[in-house]
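J.: To start, I am sharing the structure in question, which I have written as structure tokens.
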Amino acid sequence: MKIGITDYIPAPFTIERDVFGEDAELVFLDALNDDDFDAEKIVDLDALLVWHAHISKNTANALKRCKIVVRYGVGFDNIDVAALEQNDILFCNTPDYGTEEVADTAVAMALALSRAILAYDNLARTLRDNWQENTIGGIKRLAYSTVGIVGVGRIGSAVLRRFRPFGPRLLGYDPFLPSGHEKALGYKRTDTLTDLLAEADIVSLHCPLSSKTEGLVDAEFLSHMKKGAILVNSARGGLTQDLDSLHAALREGRLGGVGLDVLPQEPPKNGSLIDAWRANDAAIAGRVIINPHTAYFSEQAWMEMRQKTAETALSYLQHGHIRNRISV
């Protein structure tokens, strides 16, 4: 069999090789997009494993022998799933890796912001006297707080479990989960997103990016949040309409803090929030955490993702077994 592997996965593909075996031909494709790809290199692929490369209609049409495309990761906004289906090519993602890492990052961001860890770090740099007396007002005991999870799937559920030992009240909003899910995990389910936002001191986003959730965090969303609440997004950057509205809410005190592992545009261009964050502006210093979309990563998650992606393709090619299929 011949397997194409796109960007970010380094040769000699040791993890993929262990899955497919020594007889498989593994081909690295470093240029695969609408304007620049060699159709001859992909015309005889049996399967294609994709990271960030754009799989367009043109690409799908050139995959003459391909039976399955699998994405390294969860999101698939870079994949024209409809075009693959029109060419009788199965598409699957890899959602069940890095769950622990993303959940850990979300909780770590929330704890750092709620306990003012970064703000104290900034403050301590300038102190010479009266060391311990410099407390920051407004810090709330976590056991007296309410945590709201938007999207209570794999990662959202893992976040709920991690917060429970700290003792906060736990809320969840997810209209796609069956009735009783809240009983199994022990949280209070809200009927609307607005209800959750009105009560939560910490809001953590764990919903997928879709036409219904794109730009979810907008001016109206922020207006419904509890004054001084913390917002954490380790899901998808497109859930946030724009970063400048977050900056305004921080400056006005409507938001207590923001933790972002994902951004609407990566890497970010200049804007009021990004500029202020880079300059460590005193108005928001210690209240903003931005990571470069790395919540998913650990050495173990990296290996797990690559292994499961390859296994999904191999299982279908050899046995016709389908897992994590995405269809339109």
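Labels for the structure tokens follow display order: chains A, B, ..., residues from 1 in each chain, ligands from 1.
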Name the residues of stretch 29-222 of chain A that fall into strand (DSSP E or B) according to DSSP on the backbone, using the chain letters and numbers of this document, as a count of residues only.
T.: 30
J.: Enumerate, in order of chain and increasing residue number, the residues of stretch 149-227 of chain A with an atom no farther than 10 Å from stretch 74-88 of chain A, each with its shortest atom pair and distance in Å to one decimal, counting only C-alpha atoms, as CSV.
T.:
residue,atom,partner,partner_atom,distance
A:Pro208,CA,A:Gly75,CA,7.7
A:Leu209,CA,A:Gly75,CA,7.7
A:Ser210,CA,A:Asp77,CA,8.8
J.: Take the residues just selected and output them with all heavy atoms as an mmCIF file, in the first residue's frame.
T.:
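Final output, saved to selection.cif:
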data_model
loop_
_atom_site.group_PDB
_atom_site.id
_atom_site.type_symbol
_atom_site.label_atom_id
_atom_site.label_comp_id
_atom_site.auth_asym_id
_atom_site.auth_seq_id
_atom_site.Cartn_x
_atom_site.Cartn_y
_atom_site.Cartn_z
ATOM 1 N N PRO A 208 -17.091 22.184 19.576
ATOM 2 C CA PRO A 208 -16.450 22.187 18.257
ATOM 3 C C PRO A 208 -16.757 23.471 17.503
ATOM 4 O O PRO A 208 -17.695 24.204 17.852
ATOM 5 C CB PRO A 208 -17.089 20.974 17.567
ATOM 6 C CG PRO A 208 -18.424 20.835 18.219
ATOM 7 C CD PRO A 208 -18.228 21.241 19.657
ATOM 8 N N LEU A 209 -15.963 23.735 16.484
ATOM 9 C CA LEU A 209 -16.209 24.882 15.617
ATOM 10 C C LEU A 209 -17.136 24.452 14.491
ATOM 11 O O LEU A 209 -16.855 23.499 13.757
ATOM 12 C CB LEU A 209 -14.894 25.414 15.048
ATOM 13 C CG LEU A 209 -15.003 26.634 14.130
ATOM 14 C CD1 LEU A 209 -15.547 27.836 14.882
ATOM 15 C CD2 LEU A 209 -13.649 26.955 13.507
ATOM 16 N N SER A 210 -18.256 25.133 14.353
ATOM 17 C CA SER A 210 -19.223 24.831 13.303
ATOM 18 C C SER A 210 -19.886 26.136 12.873
ATOM 19 O O SER A 210 -19.589 27.210 13.417
ATOM 20 C CB SER A 210 -20.281 23.851 13.818
ATOM 21 O OG SER A 210 -21.109 24.467 14.796
#
J.: Which value, in Å to one decimal, gives the distance between atom CA of A:Leu29 and atom CA of A:Ile326?
T.: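 If I compute the distance from atom CA of A:Leu29 to atom CA of A:Ile326, I get 22.9 Å.
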J.: Which polymer residues have any atom within 10 Å of an atom of stretch 153-165 of chain A, counting only C-alpha atoms, with same-chain residues fewer than 4 positions away left out, as a PyMOL selection string?
T.: chain A and resi 95-107+110-111+142-143+147-149+169-174+176-177+182+185-187+204-208+234-235
J.: I'd like the contact shell of A:Thr94 - 12 Å cut-off, only C-alpha atoms, skipping same-chain residues fewer than 5 positions apart - returned as a ChimeraX atom specification.
T.: /A:49-51,69-76,99,301-302,304-313,322-326
J.: Mind the document's chain letters and residue numbers, and return as a ChimeraX atom specification the residues of stretch 58-201 of chain A that DSSP labels alpha helix (DSSP H).
T.: /A:58-62,81-86,99-114,117-124,154-163,181-185,193-199
J.: From the list A:Leu243, A:Ile290, A:Ile284, A:Leu196, which residue is nearest A:Val262 when using only C-alpha atoms?
T.: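 Looking only at the distances to A:Val262, the closest residue turns out to be A:Ile290.
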J.: Taking a cut-off of 10 Å and counting only C-alpha atoms, can you build a table that, for each residue of stretch 163-200 of chain A near stretch 220-224 of chain A, reports the nearest atom pair and how far apart they are in Å (one decimal), sorted by chain then residue number, as a Markdown table?
T.:
| residue | atom | partner | partner_atom | distance |
| --- | --- | --- | --- | --- |
| A:Leu193 | CA | A:Phe221 | CA | 8.8 |
| A:Thr194 | CA | A:His224 | CA | 6.2 |
| A:Asp195 | CA | A:His224 | CA | 8.5 |
| A:Leu196 | CA | A:His224 | CA | 9.0 |
| A:Leu197 | CA | A:His224 | CA | 5.8 |
| A:Ala198 | CA | A:His224 | CA | 5.8 |
| A:Glu199 | CA | A:His224 | CA | 9.4 |
J.: Any chance you could export the current selection's all heavy atoms as a short mmCIF file (atom, residue, chain, number, x, y, z; two decimals), in the first residue's frame?
T.:
data_model
loop_
_atom_site.label_atom_id
_atom_site.label_comp_id
_atom_site.auth_asym_id
_atom_site.auth_seq_id
_atom_site.Cartn_x
_atom_site.Cartn_y
_atom_site.Cartn_z
N LEU A 193 -27.32 28.68 27.12
CA LEU A 193 -25.98 29.21 27.33
C LEU A 193 -26.03 30.46 28.20
O LEU A 193 -25.17 30.67 29.06
CB LEU A 193 -25.34 29.51 25.98
CG LEU A 193 -23.94 30.15 25.99
CD1 LEU A 193 -22.94 29.26 26.72
CD2 LEU A 193 -23.48 30.44 24.56
N THR A 194 -27.03 31.28 27.99
CA THR A 194 -27.18 32.51 28.77
C THR A 194 -27.29 32.21 30.26
O THR A 194 -26.71 32.93 31.09
CB THR A 194 -28.42 33.28 28.30
OG1 THR A 194 -28.28 33.58 26.91
CG2 THR A 194 -28.57 34.58 29.06
N ASP A 195 -28.01 31.15 30.61
CA ASP A 195 -28.15 30.78 32.02
C ASP A 195 -26.79 30.44 32.62
O ASP A 195 -26.49 30.82 33.75
CB ASP A 195 -29.09 29.58 32.16
CG ASP A 195 -30.54 29.93 31.86
OD1 ASP A 195 -30.88 31.12 31.89
OD2 ASP A 195 -31.32 29.00 31.58
N LEU A 196 -25.98 29.71 31.87
CA LEU A 196 -24.65 29.34 32.36
C LEU A 196 -23.78 30.58 32.54
O LEU A 196 -23.11 30.74 33.57
CB LEU A 196 -23.99 28.35 31.41
CG LEU A 196 -22.59 27.85 31.79
CD1 LEU A 196 -22.42 26.38 31.37
CD2 LEU A 196 -21.48 28.69 31.16
N LEU A 197 -23.78 31.46 31.55
CA LEU A 197 -22.92 32.65 31.60
C LEU A 197 -23.29 33.56 32.77
O LEU A 197 -22.41 34.19 33.37
CB LEU A 197 -23.03 33.43 30.28
CG LEU A 197 -22.54 32.71 29.03
CD1 LEU A 197 -22.77 33.57 27.80
CD2 LEU A 197 -21.09 32.31 29.15
N ALA A 198 -24.56 33.61 33.11
CA ALA A 198 -25.01 34.50 34.19
C ALA A 198 -24.53 34.03 35.55
O ALA A 198 -24.41 34.84 36.47
CB ALA A 198 -26.54 34.57 34.17
N GLU A 199 -24.21 32.74 35.68
CA GLU A 199 -23.86 32.19 37.00
C GLU A 199 -22.39 31.86 37.16
O GLU A 199 -21.90 31.77 38.29
CB GLU A 199 -24.68 30.92 37.25
CG GLU A 199 -26.18 31.14 37.32
CD GLU A 199 -26.90 29.87 37.73
OE1 GLU A 199 -26.53 29.29 38.77
OE2 GLU A 199 -27.83 29.47 37.01
#
J.: Just the residues within 8 Å of A:Ile5, please, counting only C-alpha atoms, with nothing from its chain fewer than 2 positions along; format it as a ChimeraX atom specification.
T.: /A:3,7,9,26-29,48-50
J.: Write the residues of the preceding selection, restricted to N, CA, C and O atoms, as a compact mmCIF listing (two decimals), in the first residue's frame.
T.:
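Result file follows (again.txt):
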# COMPACT_ATOMS: atom_id res chain seq x y z
N ILE A 3 1.00 5.23 1.18
CA ILE A 3 0.39 6.17 2.12
C ILE A 3 1.05 7.53 1.98
O ILE A 3 2.28 7.65 2.09
N ASP A 7 2.23 17.72 5.97
CA ASP A 7 3.09 18.58 6.78
C ASP A 7 3.21 18.16 8.25
O ASP A 7 2.35 17.50 8.79
N ILE A 9 4.85 16.11 10.04
CA ILE A 9 5.28 14.79 10.50
C ILE A 9 6.63 14.49 9.87
O ILE A 9 6.75 14.36 8.65
N LEU A 26 5.68 4.91 2.31
CA LEU A 26 5.25 6.14 2.96
C LEU A 26 5.87 7.32 2.24
O LEU A 26 7.10 7.41 2.13
N VAL A 27 5.03 8.25 1.77
CA VAL A 27 5.50 9.36 0.94
C VAL A 27 5.19 10.68 1.65
O VAL A 27 4.05 10.93 2.05
N PHE A 28 6.21 11.54 1.79
CA PHE A 28 6.01 12.85 2.40
C PHE A 28 5.58 13.85 1.34
O PHE A 28 6.21 13.98 0.28
N LEU A 29 4.50 14.59 1.61
CA LEU A 29 3.97 15.59 0.68
C LEU A 29 4.03 16.95 1.36
O LEU A 29 3.18 17.28 2.18
N LEU A 48 -4.37 8.91 2.71
CA LEU A 48 -3.67 10.18 2.92
C LEU A 48 -3.88 10.61 4.37
O LEU A 48 -5.01 10.67 4.87
N LEU A 49 -2.77 10.87 5.06
CA LEU A 49 -2.80 11.35 6.43
C LEU A 49 -2.44 12.83 6.42
O LEU A 49 -1.40 13.22 5.89
N VAL A 50 -3.30 13.66 7.03
CA VAL A 50 -3.21 15.12 6.85
C VAL A 50 -3.10 15.82 8.20
O VAL A 50 -3.79 15.45 9.15
J.: Just how far from atom CA of A:Gly238 is atom CA of A:Lys57, in Å to one decimal?
T.: 22.7 Å
J.: What lies within 8 Å of A:Phe20 using only C-alpha atoms, ignoring chain neighbours under 3 positions off, as a list in words?
T.: Glu16, Arg17, Asp23, Ala24, Ala310, Glu311 and Leu314 of chain A
J.: Please dump the current selection as a tab-separated table (two decimals), in the first residue's frame; keep N, CA and C atoms.
T.:
chain	number	residue	atom	x	y	z
A	16	GLU	N	4.40	5.81	12.28
A	16	GLU	CA	3.53	5.33	11.20
A	16	GLU	C	4.08	4.02	10.60
A	17	ARG	N	5.38	3.94	10.49
A	17	ARG	CA	6.00	2.73	9.94
A	17	ARG	C	5.69	1.52	10.81
A	23	ASP	N	6.56	-3.09	4.51
A	23	ASP	CA	6.26	-3.20	3.09
A	23	ASP	C	5.49	-2.01	2.53
A	24	ALA	N	4.93	-1.20	3.40
A	24	ALA	CA	4.17	-0.03	2.94
A	24	ALA	C	5.12	1.05	2.44
A	310	ALA	N	-2.76	6.61	12.02
A	310	ALA	CA	-2.32	5.54	11.13
A	310	ALA	C	-3.18	4.29	11.29
A	311	GLU	N	-3.54	3.95	12.52
A	311	GLU	CA	-4.36	2.77	12.76
A	311	GLU	C	-5.75	2.90	12.14
A	314	LEU	N	-5.24	2.16	8.43
A	314	LEU	CA	-4.91	0.75	8.20
A	314	LEU	C	-6.11	-0.16	8.45
J.: What is the atom CA of A:Asp46-atom CA of A:Asn93 distance in Å, reported with one decimal?
T.: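 We find that atom CA of A:Asp46 and atom CA of A:Asn93 lie 16.8 Å from each other.
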J.: Just want the 12 Å neighbourhood of A:Leu246, counted on only C-alpha atoms, with same-chain residues fewer than 2 positions away dropped. Output as a ChimeraX atom specification.
T.: /A:217-223,225,229-233,240-244,248-260,263,271-274,276-277,284,287-288
J.: Could you check which of A:Arg141, A:Arg236, A:Lys227, A:Lys67 is closest to A:Thr213, using only C-alpha atoms?
T.: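 Answer, going by the shortest atom-to-atom distance: A:Arg236.
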J.: Between A:Gly237, A:Gly228, A:Gly4, A:Gly137, which one has atoms that come closest to A:Val203, using only C-alpha atoms?
T.: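 Smallest separation from A:Val203 among the options: A:Gly228.
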